[in-house]
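Heads up, work.pdb below (PDB, C-alpha atoms):
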ATOM      1  CA  MET A  92      20.945  -8.986  46.950
ATOM      2  CA  LEU A  93      17.263  -9.870  46.799
ATOM      3  CA  LYS A  94      14.694  -7.548  48.212
ATOM      4  CA  SER A  95      11.051  -7.872  48.961
ATOM      5  CA  GLU A  96       9.105  -4.872  47.767
ATOM      6  CA  LEU A  97       7.192  -3.151  50.538
ATOM      7  CA  SER A  98       3.978  -1.260  49.994
ATOM      8  CA  ILE A  99       0.831  -0.383  51.902
ATOM      9  CA  GLU A 100      -2.568   1.079  51.212
ATOM     10  CA  ALA A 101      -5.040   2.903  53.404
ATOM     11  CA  SER A 102      -8.607   1.858  52.798
ATOM     12  CA  SER A 103     -11.075   4.566  51.934
ATOM     13  CA  THR A 104     -13.910   4.589  54.406
ATOM     14  CA  PHE A 105     -16.818   6.629  55.704
ATOM     15  CA  ASN A 106     -16.079   5.371  59.217
ATOM     16  CA  ARG A 107     -14.910   8.459  61.053
ATOM     17  CA  LYS A 108     -13.403   6.522  63.954
ATOM     18  CA  VAL A 109     -10.917   4.270  62.180
ATOM     19  CA  LEU A 110      -8.123   4.293  59.671
ATOM     20  CA  ARG A 111      -7.192   0.878  58.261
ATOM     21  CA  ILE A 112      -3.781   0.332  56.741
ATOM     22  CA  PHE A 113      -3.158  -2.937  54.956
ATOM     23  CA  ASP A 114      -0.222  -4.737  53.416
ATOM     24  CA  THR A 115       0.174  -4.786  49.640
ATOM     25  CA  SER A 116       3.847  -5.831  49.642
ATOM     26  CA  HIS A 117       5.429  -8.457  47.461
ATOM     27  CA  TYR A 118       7.701 -10.772  49.434
ATOM     28  CA  CYS A 119      10.525 -12.968  48.255
ATOM     29  CA  LYS A 120       9.910 -16.345  49.907
ATOM     30  CA  ASN A 121      13.365 -16.891  51.314
ATOM     31  CA  GLU A 122      13.785 -13.442  52.793
ATOM     32  CA  ASP A 123      13.333 -13.283  56.565
ATOM     33  CA  ILE A 124      11.051 -10.520  57.677
ATOM     34  CA  GLU A 125      11.926  -9.656  61.252
ATOM     35  CA  ASN A 126      11.133  -6.680  63.423
ATOM     36  CA  TYR A 127       8.472  -5.663  60.911
ATOM     37  CA  LEU A 128       7.291  -2.176  61.910
ATOM     38  CA  ILE A 129       4.690   0.351  60.911
ATOM     39  CA  GLU A 130       5.378   3.773  62.347
ATOM     40  CA  VAL A 131       2.757   6.505  62.191
ATOM     41  CA  LEU A 132       2.923  10.248  62.749
ATOM     42  CA  PRO A 133      -0.716  11.281  63.186
ATOM     43  CA  VAL A 134      -2.171  14.679  62.294
ATOM     44  CA  ASN A 135      -1.245  17.421  64.799
ATOM     45  CA  LYS A 136       1.203  15.131  66.629
ATOM     46  CA  THR A 137       4.969  15.334  66.936
ATOM     47  CA  VAL A 138       5.723  11.828  68.181
ATOM     48  CA  TRP A 139       5.920   8.759  65.931
ATOM     49  CA  LEU A 140       3.965   5.732  67.147
ATOM     50  CA  THR A 141       5.273   2.228  66.501
ATOM     51  CA  PHE A 142       3.201  -0.867  65.674
ATOM     52  CA  HIS A 143       4.637  -4.367  65.309
ATOM     53  CA  VAL A 144       3.072  -6.191  62.368
ATOM     54  CA  GLN A 145       3.446  -9.350  60.306
ATOM     55  CA  LYS A 146       3.273 -10.164  56.596
ATOM     56  CA  GLY A 147      -0.203  -9.561  55.207
ATOM     57  CA  PHE A 148      -1.134  -7.285  58.084
ATOM     58  CA  SER A 149      -4.288  -5.236  58.380
ATOM     59  CA  LEU A 150      -3.720  -2.527  60.957
ATOM     60  CA  VAL A 151      -6.721  -0.677  62.346
ATOM     61  CA  LEU A 152      -5.858   2.685  63.837
ATOM     62  CA  ASN A 153      -8.178   4.702  66.046
ATOM     63  CA  SER A 154      -8.073   7.677  68.391
ATOM     64  CA  SER A 155      -6.964   5.441  71.268
ATOM     65  CA  ASN A 156      -3.983   3.700  69.704
ATOM     66  CA  LEU A 157      -2.986   6.948  67.941
ATOM     67  CA  GLY A 158      -2.827   8.726  71.302
ATOM     68  CA  TYR A 159      -5.651  11.233  70.883
ATOM     69  CA  ASN A 160      -7.544   9.864  73.895
ATOM     70  CA  ARG A 161      -7.817   6.825  76.166
ATOM     71  CA  ALA A 162     -10.824   4.725  75.240
ATOM     72  CA  SER A 163     -11.984   1.444  76.694
ATOM     73  CA  SER A 164     -14.919   0.966  74.332
ATOM     74  CA  ILE A 165     -15.847   1.875  70.769
ATOM     75  CA  GLY A 166     -18.234   4.494  72.084
ATOM     76  CA  GLU A 167     -15.380   6.418  73.617
ATOM     77  CA  LEU A 168     -13.386   6.646  70.425
ATOM     78  CA  LEU A 169     -13.081  10.097  68.875
ATOM     79  CA  PHE A 170     -13.442  10.904  65.201
ATOM     80  CA  LEU A 171     -10.038  10.879  63.526
ATOM     81  CA  PRO A 172      -9.194  14.222  61.986
ATOM     82  CA  ASP A 173      -8.721  14.722  58.272
ATOM     83  CA  GLY A 174      -5.176  15.641  57.310
ATOM     84  CA  ILE A 175      -1.813  14.107  56.525
ATOM     85  CA  TYR A 176      -0.746  10.945  58.346
ATOM     86  CA  GLU A 177       2.926  10.132  57.768
ATOM     87  CA  ILE A 178       3.703   6.432  57.698
ATOM     88  CA  LYS A 179       6.955   4.445  57.743
ATOM     89  CA  GLN A 180       7.134   0.735  56.880
ATOM     90  CA  SER A 181      10.288  -1.272  57.555
ATOM     91  CA  PHE A 182      11.810  -4.548  58.657
ATOM     92  CA  ASN A 183      15.195  -5.546  59.983
ATOM     93  CA  PRO A 184      17.622  -3.835  59.193
ATOM     94  CA  ASN A 185      14.988  -1.126  59.504
ATOM     95  CA  THR A 186      17.030   1.894  58.533
ATOM     96  CA  HIS A 187      17.877   0.235  55.206
ATOM     97  CA  THR A 188      14.422  -1.050  54.319
ATOM     98  CA  ALA A 189      12.250   1.894  55.394
ATOM     99  CA  ASN A 190       9.572   3.124  53.006
ATOM    100  CA  PHE A 191       7.813   6.429  53.635
ATOM    101  CA  TYR A 192       4.266   7.359  52.729
ATOM    102  CA  TYR A 193       1.887  10.257  53.140
ATOM    103  CA  HIS A 194      -1.777   9.448  53.609
ATOM    104  CA  LEU A 195      -4.231  12.305  53.266
ATOM    105  CA  ARG A 196      -7.356  11.354  55.168
ATOM    106  CA  THR A 197     -10.451  12.912  53.583
ATOM    107  CA  THR A 198     -13.217  10.999  55.365
ATOM    108  CA  GLU A 199     -14.783  14.023  57.054
ATOM    109  CA  ILE A 200     -15.076  16.149  53.924
ATOM    110  CA  ASN A 201     -16.193  13.186  51.797
ATOM    111  CA  LEU A 202     -19.015  12.561  54.259
ATOM    112  CA  LYS A 203     -20.098  16.185  54.055
ATOM    113  CA  ILE A 204     -20.098  16.064  50.239
ATOM    114  CA  SER A 205     -22.044  12.815  50.316
ATOM    115  CA  ASN A 206     -24.625  14.344  52.693
ATOM    116  CA  GLU A 207     -25.046  17.328  50.382
ATOM    117  CA  ARG A 208     -25.597  14.977  47.437
ATOM    118  CA  ASP A 209     -28.246  13.108  49.419
ATOM    119  CA  LYS A 210     -29.992  16.372  50.266
ATOM    120  CA  LEU A 211     -29.874  17.432  46.647
ATOM    121  CA  TYR A 212     -31.413  14.165  45.447
ATOM    122  CA  SER A 213     -34.146  14.226  48.077
ATOM    123  CA  ASN A 214     -35.014  17.786  47.056
ATOM    124  CA  LYS A 215     -34.885  17.058  43.339
ATOM    125  CA  CYS A 216     -38.615  17.569  42.751
ATOM    126  CA  ASN A 217     -38.488  21.072  44.207
ATOM    127  CA  LEU A 218     -35.686  22.231  41.963
ATOM    128  CA  SER A 219     -35.564  23.121  38.295
ATOM    129  CA  ASN A 220     -33.408  20.906  36.111
ATOM    130  CA  GLU A 221     -31.029  23.781  35.683
ATOM    131  CA  ASP A 222     -30.595  24.327  39.436
ATOM    132  CA  PHE A 223     -30.237  20.615  40.078
ATOM    133  CA  ASN A 224     -27.533  20.243  37.424
ATOM    134  CA  LYS A 225     -25.744  23.369  38.601
ATOM    135  CA  ASN A 226     -25.617  22.112  42.194
ATOM    136  CA  MET A 227     -24.573  18.639  41.142
ATOM    137  CA  SER A 228     -21.821  20.054  38.971
ATOM    138  CA  GLU A 229     -20.568  22.187  41.871
ATOM    139  CA  LEU A 230     -20.418  19.132  44.136
ATOM    140  CA  ASP A 231     -18.476  17.269  41.428
ATOM    141  CA  ASN A 232     -16.110  20.206  41.249
ATOM    142  CA  ILE A 233     -15.554  20.187  45.021
ATOM    143  CA  GLU A 234     -15.073  16.433  45.061
ATOM    144  CA  GLY A 235     -12.505  16.851  42.282
ATOM    145  CA  TYR A 236     -10.538  19.238  44.500
ATOM    146  CA  VAL A 237     -10.535  16.684  47.319
ATOM    147  CA  LYS A 238      -9.321  13.928  44.984
ATOM    148  CA  ALA A 239      -6.651  16.235  43.557
ATOM    149  CA  ALA A 240      -5.505  17.078  47.101
ATOM    150  CA  LYS A 241      -5.152  13.378  47.839
ATOM    151  CA  PHE A 242      -3.224  12.712  44.618
ATOM    152  CA  LYS A 243      -0.929  15.699  45.214
ATOM    153  CA  VAL A 244      -0.029  14.486  48.703
ATOM    154  CA  GLU A 245       0.081  10.730  48.152
ATOM    155  CA  GLU A 246       1.414  10.434  44.603
ATOM    156  CA  LYS A 247       3.471  13.598  44.255
ATOM    157  CA  LEU A 248       4.407  14.090  47.922
ATOM    158  CA  GLU A 249       3.586  17.794  47.673
ATOM    159  CA  LYS A 250       2.078  18.418  51.080
ATOM    160  CA  ASN A 251       1.565  22.190  50.837
ATOM    161  CA  GLU A 252      -0.210  22.174  47.488
ATOM    162  CA  GLY A 253      -2.284  19.204  48.601
ATOM    163  CA  ILE A 254      -3.417  20.963  51.765
ATOM    164  CA  GLU A 255      -4.155  24.094  49.751
ATOM    165  CA  LEU A 256      -6.408  22.085  47.439
ATOM    166  CA  TYR A 257      -8.111  20.467  50.446
ATOM    167  CA  LYS A 258      -8.736  23.811  52.155
ATOM    168  CA  TRP A 259     -10.084  25.300  48.933
ATOM    169  CA  ALA A 260     -12.506  22.375  48.676
ATOM    170  CA  GLU A 261     -13.601  23.043  52.282
ATOM    171  CA  LYS A 262     -14.175  26.703  51.488
ATOM    172  CA  LEU A 263     -16.193  25.917  48.359
ATOM    173  CA  LEU A 264     -18.281  23.399  50.288
ATOM    174  CA  GLU A 265     -18.990  25.982  52.975
ATOM    175  CA  LYS A 266     -20.074  28.437  50.291
ATOM    176  CA  TYR A 267     -22.181  25.769  48.622
ATOM    177  CA  THR A 268     -24.027  24.840  51.830
ATOM    178  CA  ASN A 269     -24.899  28.495  52.447
ATOM    179  CA  GLU A 270     -26.093  29.162  48.917
ATOM    180  CA  CYS A 271     -27.643  25.871  47.967
ATOM    181  CA  GLN A 272     -31.426  25.978  47.664
ATOM    182  CA  CYS A 273     -31.814  22.488  49.029
TER
ATOM    183  CA  MET B1489      -0.288   0.227  25.758
ATOM    184  CA  SER B1490      -0.528   0.017  29.539
ATOM    185  CA  VAL B1491      -1.663   3.079  31.450
ATOM    186  CA  ASN B1492       0.201   4.238  34.536
ATOM    187  CA  VAL B1493      -2.525   5.194  37.003
ATOM    188  CA  SER B1494      -0.070   7.107  39.163
ATOM    189  CA  ASP B1495       0.825   9.352  36.206
ATOM    190  CA  LEU B1496      -2.844   9.950  35.489
ATOM    191  CA  LYS B1497      -3.448  10.922  39.103
ATOM    192  CA  ILE B1498      -0.547  13.365  38.994
ATOM    193  CA  GLN B1499      -1.817  14.877  35.726
ATOM    194  CA  PHE B1500      -5.272  15.220  37.264
ATOM    195  CA  ALA B1501      -3.912  16.867  40.422
ATOM    196  CA  ASP B1502      -1.732  19.294  38.441
ATOM    197  CA  LEU B1503      -4.605  20.314  36.191
ATOM    198  CA  LYS B1504      -6.920  20.765  39.156
ATOM    199  CA  TYR B1505      -4.269  22.890  40.856
ATOM    200  CA  GLU B1506      -4.263  25.120  37.759
ATOM    201  CA  GLN B1507      -7.995  25.492  38.261
ATOM    202  CA  LEU B1508      -7.353  26.531  41.873
ATOM    203  CA  LEU B1509      -4.801  29.118  40.756
ATOM    204  CA  ALA B1510      -7.338  30.575  38.343
ATOM    205  CA  GLU B1511     -10.262  30.562  40.797
ATOM    206  CA  LYS B1512      -8.487  31.524  43.996
ATOM    207  CA  TYR B1513      -5.692  33.828  42.879
ATOM    208  CA  PHE B1514      -7.068  34.845  39.455
ATOM    209  CA  ILE B1515      -3.825  33.739  37.849
ATOM    210  CA  GLU B1516      -4.131  33.207  34.140
ATOM    211  CA  THR B1517      -4.212  29.492  33.451
ATOM    212  CA  CYS B1518      -6.055  27.314  30.970
ATOM    213  CA  PHE B1519      -9.054  27.674  33.314
ATOM    214  CA  SER B1520      -9.093  31.476  33.245
ATOM    215  CA  LYS B1521     -12.173  33.197  31.882
ATOM    216  CA  LYS B1522     -10.227  34.518  28.939
ATOM    217  CA  PHE B1523      -9.352  31.039  27.791
ATOM    218  CA  GLU B1524     -12.333  29.302  29.272
ATOM    219  CA  SER B1525     -13.467  26.449  27.169
ATOM    220  CA  LEU B1526     -14.695  22.958  27.724
ATOM    221  CA  THR B1527     -11.255  21.591  26.976
ATOM    222  CA  SER B1528      -9.656  21.824  30.434
ATOM    223  CA  LYS B1529     -12.770  20.699  32.275
ATOM    224  CA  GLN B1530     -13.318  17.923  29.781
ATOM    225  CA  LYS B1531      -9.694  16.872  30.193
ATOM    226  CA  LEU B1532     -10.209  16.617  33.959
ATOM    227  CA  LYS B1533     -13.271  14.436  33.431
ATOM    228  CA  ASN B1534     -11.420  12.233  30.967
ATOM    229  CA  LEU B1535      -8.452  11.806  33.311
ATOM    230  CA  TYR B1536     -10.720  10.919  36.220
ATOM    231  CA  TYR B1537     -12.578   8.404  34.087
ATOM    232  CA  GLN B1538      -9.279   6.773  33.104
ATOM    233  CA  ILE B1539      -8.102   6.660  36.758
ATOM    234  CA  ILE B1540     -11.315   4.888  37.791
ATOM    235  CA  LYS B1541     -11.181   2.551  34.795
ATOM    236  CA  ASN B1542      -7.574   1.504  35.372
ATOM    237  CA  THR B1543      -7.527   1.202  39.161
ATOM    238  CA  PRO B1544      -7.497  -2.471  40.169
ATOM    239  CA  GLN B1545     -10.530  -3.380  42.227
ATOM    240  CA  CYS B1546      -8.637  -5.276  44.916
ATOM    241  CA  GLU B1547      -9.406  -5.352  48.596
ATOM    242  CA  GLY B1548      -7.238  -6.137  51.588
ATOM    243  CA  ILE B1549      -4.215  -8.309  51.299
ATOM    244  CA  THR B1550      -5.486  -9.921  48.096
ATOM    245  CA  MET B1551      -3.943  -6.825  46.548
ATOM    246  CA  ILE B1552      -0.661  -8.717  46.667
ATOM    247  CA  ASP B1553      -1.980 -10.882  43.864
ATOM    248  CA  CYS B1554      -2.296  -7.836  41.669
ATOM    249  CA  HIS B1555       1.418  -7.150  41.739
ATOM    250  CA  LEU B1556       3.587  -8.587  39.057
ATOM    251  CA  PRO B1557       6.691 -10.445  40.179
ATOM    252  CA  GLN B1558       9.509  -8.070  40.888
ATOM    253  CA  VAL B1559      13.034  -8.198  39.624
ATOM    254  CA  GLY B1560      14.951 -10.704  41.713
ATOM    255  CA  CYS B1561      11.926 -12.963  42.348
ATOM    256  CA  ASP B1562      10.308 -15.530  40.107
ATOM    257  CA  ALA B1563       6.559 -15.816  39.579
ATOM    258  CA  ASN B1564       6.190 -17.842  42.786
ATOM    259  CA  GLY B1565       8.052 -15.346  44.917
ATOM    260  CA  ASN B1566      11.185 -17.506  45.039
ATOM    261  CA  SER B1567      14.410 -15.690  44.731
ATOM    262  CA  THR B1568      16.226 -15.820  41.432
ATOM    263  CA  THR B1569      19.830 -15.093  40.646
ATOM    264  CA  SER B1570      20.116 -12.421  38.076
ATOM    265  CA  THR B1571      22.550 -13.230  35.288
ATOM    266  CA  THR B1572      23.337 -10.825  32.546
ATOM    267  CA  THR B1573      24.529 -12.021  29.171
ATOM    268  CA  THR B1574      26.061  -9.455  26.958
ATOM    269  CA  THR B1575      26.125 -10.106  23.265
ATOM    270  CA  THR B1576      28.361  -7.976  21.199
ATOM    271  CA  SER B1577      27.678  -7.650  17.537
ATOM    272  CA  ILE B1578      30.650  -7.229  15.330
TER
END
Represent the structure of the file as structure tokens.
Amino acid sequence: MLKSELSIEASSTFNRKVLRIFDTSHYCKNEDIENYLIEVLPVNKTVWLTFHVQKGFSLVLNSSNLGYNRASSIGELLFLPDGIYEIKQSFNPNTHTANFYYHLRTTEINLKISNERDKLYSNKCNLSNEDFNKNMSELDNIEGYVKAAKFKVEEKLEKNEGIELYKWAEKLLEKYTNECQC
Amino acid sequence: MSVNVSDLKIQFADLKYEQLLAEKYFIETCFSKKFESLTSKQKLKNLYYQIIKNTPQCEGITMIDCHLPQVGCDANGNSTTSTTTTTTSI
């Protein structure tokens, strides 16, 4: 029995209001893809949301279609929280073709790290080389924790360790912003 | 030899978690003060460099083009019938 191979990716973005999921599946040409579904369990939610999609889809999720609020314009959209979004991808017969994924959203913390880097660069002339390198190295270290958290959750499916790494990165960043001389 | 990016990511995450254990819980790992050396940190840097180097730079649905044909499909995505020939050496 021939099978198309389903896969998705979530694009990395600094846009705090959206999460884009796109199709990276490989389809066998003569296989009918019907009732193609993407189901999402957002952070801090208990109900799965269903989206009907087609081959080659690009699905943009926001606070409105994920049920965080009702928005009629972009301005009313809320920032999507960082955390684990559980995703199911399937087509008819859905119970037999379902693929599960964890996506750890890290947009918020990545933005904070990026802002700290900007501050560090703009203050470069007021810092000694040693202090600059020390701060830069600490930001690299924190960013490494965020990446590791993402890999733990998405590649190894270890949610608890991934969240622990993420929270540790948050704590280090908090410490860094209090101590940083920039 | 081809590099499996997923394996590299897992290695990176595991090593970084060891760093967390050493820094947060003071558990003795290769990152502990006692054993502190450049090796573990350098290994993290090397792994990250390899992950970046080997990750395909594809965007959107063009990513499909980056996938090799799967078993059961030919290069054009048409289905193929799998036939197995067994040769027995005497």
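The interatomic distance for the pair atom CA of Thr115 of chain A and atom CA of Glu246 of chain A works out to 16.1 Å.
Atom CA of Ile175 of chain A is found 22.9 Å from atom CA of Leu230 of chain A.
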TODO: List the residues matched by the PyMOL selection byres ((chain A) within 7 of (chain B)) in the displayed structure as a PyMOL selection string, ordered by chain and then by residue number.
DONE: chain A and resi 93+113-121+147+236+239-240+242-243+246-247+256
TODO: Could you tell me how far atom CA of Phe191 of chain A lies from atom CA of Ile99 of chain A, in Å and to one decimal?
DONE: 9.9 Å
TODO: Excluding segment 178-184 of chain A and residues on its chain fewer than 2 positions from it, collect all residues at most 8 Å away from it, counting only C-alpha atoms, and give them as number ranges by chain.
DONE: A: 97-98, 124-132, 176, 186-194
Output of the above residues as an mmCIF file, in the coordinates of the input, restricted to C-alpha atoms:
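Result went into selection30.cif, see below:
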data_model
loop_
_atom_site.group_PDB
_atom_site.id
_atom_site.type_symbol
_atom_site.label_atom_id
_atom_site.label_comp_id
_atom_site.auth_asym_id
_atom_site.auth_seq_id
_atom_site.Cartn_x
_atom_site.Cartn_y
_atom_site.Cartn_z
ATOM 1 C CA LEU A 97 7.192 -3.151 50.538
ATOM 2 C CA SER A 98 3.978 -1.260 49.994
ATOM 3 C CA ILE A 124 11.051 -10.520 57.677
ATOM 4 C CA GLU A 125 11.926 -9.656 61.252
ATOM 5 C CA ASN A 126 11.133 -6.680 63.423
ATOM 6 C CA TYR A 127 8.472 -5.663 60.911
ATOM 7 C CA LEU A 128 7.291 -2.176 61.910
ATOM 8 C CA ILE A 129 4.690 0.351 60.911
ATOM 9 C CA GLU A 130 5.378 3.773 62.347
ATOM 10 C CA VAL A 131 2.757 6.505 62.191
ATOM 11 C CA LEU A 132 2.923 10.248 62.749
ATOM 12 C CA TYR A 176 -0.746 10.945 58.346
ATOM 13 C CA THR A 186 17.030 1.894 58.533
ATOM 14 C CA HIS A 187 17.877 0.235 55.206
ATOM 15 C CA THR A 188 14.422 -1.050 54.319
ATOM 16 C CA ALA A 189 12.250 1.894 55.394
ATOM 17 C CA ASN A 190 9.572 3.124 53.006
ATOM 18 C CA PHE A 191 7.813 6.429 53.635
ATOM 19 C CA TYR A 192 4.266 7.359 52.729
ATOM 20 C CA TYR A 193 1.887 10.257 53.140
ATOM 21 C CA HIS A 194 -1.777 9.448 53.609
#
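What the PyMOL selection byres ((chain A and resi 155) around 12) grabs from this file is Lys108, Val109, Leu110, Pro133, Leu140, Val151, Leu152, Asn153, Ser154, Asn156, Leu157, Gly158, Tyr159, Asn160, Arg161, Ala162, Ser163, Ser164, Ile165, Gly166, Glu167, Leu168, Leu169, Phe170 and Leu171 of chain A.
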TODO: Rank A:Met227, A:Val244, A:Leu211, A:Ile233 by their smallest atom-to-atom distance to Glu177 of chain A, using only C-alpha atoms, and report the top residue only.
DONE: A:Val244
TODO: For the structure shown, which residues end up in the PyMOL selection byres ((chain A and resi 263) around 12)? Put them as a ChimeraX atom specification, please?
DONE: /A:200,203-204,226,229-237,256-262,264-271 /B:1508,1511-1512
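Using only C-alpha atoms, the smallest distance between any of A:Gly253, A:Asn206, A:Ser228, A:Thr198 and Ala101 of chain A comes from A:Thr198.
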TODO: Using all atoms listed in the file, determine which residues lie at most 10 Å from Asn1492 of chain B, disregarding the query and same-chain residues fewer than 6 positions distant; provide the list as a PyMOL selection string.
DONE: chain B and resi 1538-1539+1542-1543
How big is the axis-aligned box, and where does its centre sit, when it encloses all atoms of segment 241-258 of chain A listed in the file and has 6 Å added on every side, reported in Å to one decimal as lines of an AutoDock Vina configuration file?
center_x = -2.2
center_y = 17.3
center_z = 48.2
size_x = 25.1
size_y = 25.7
size_z = 19.9
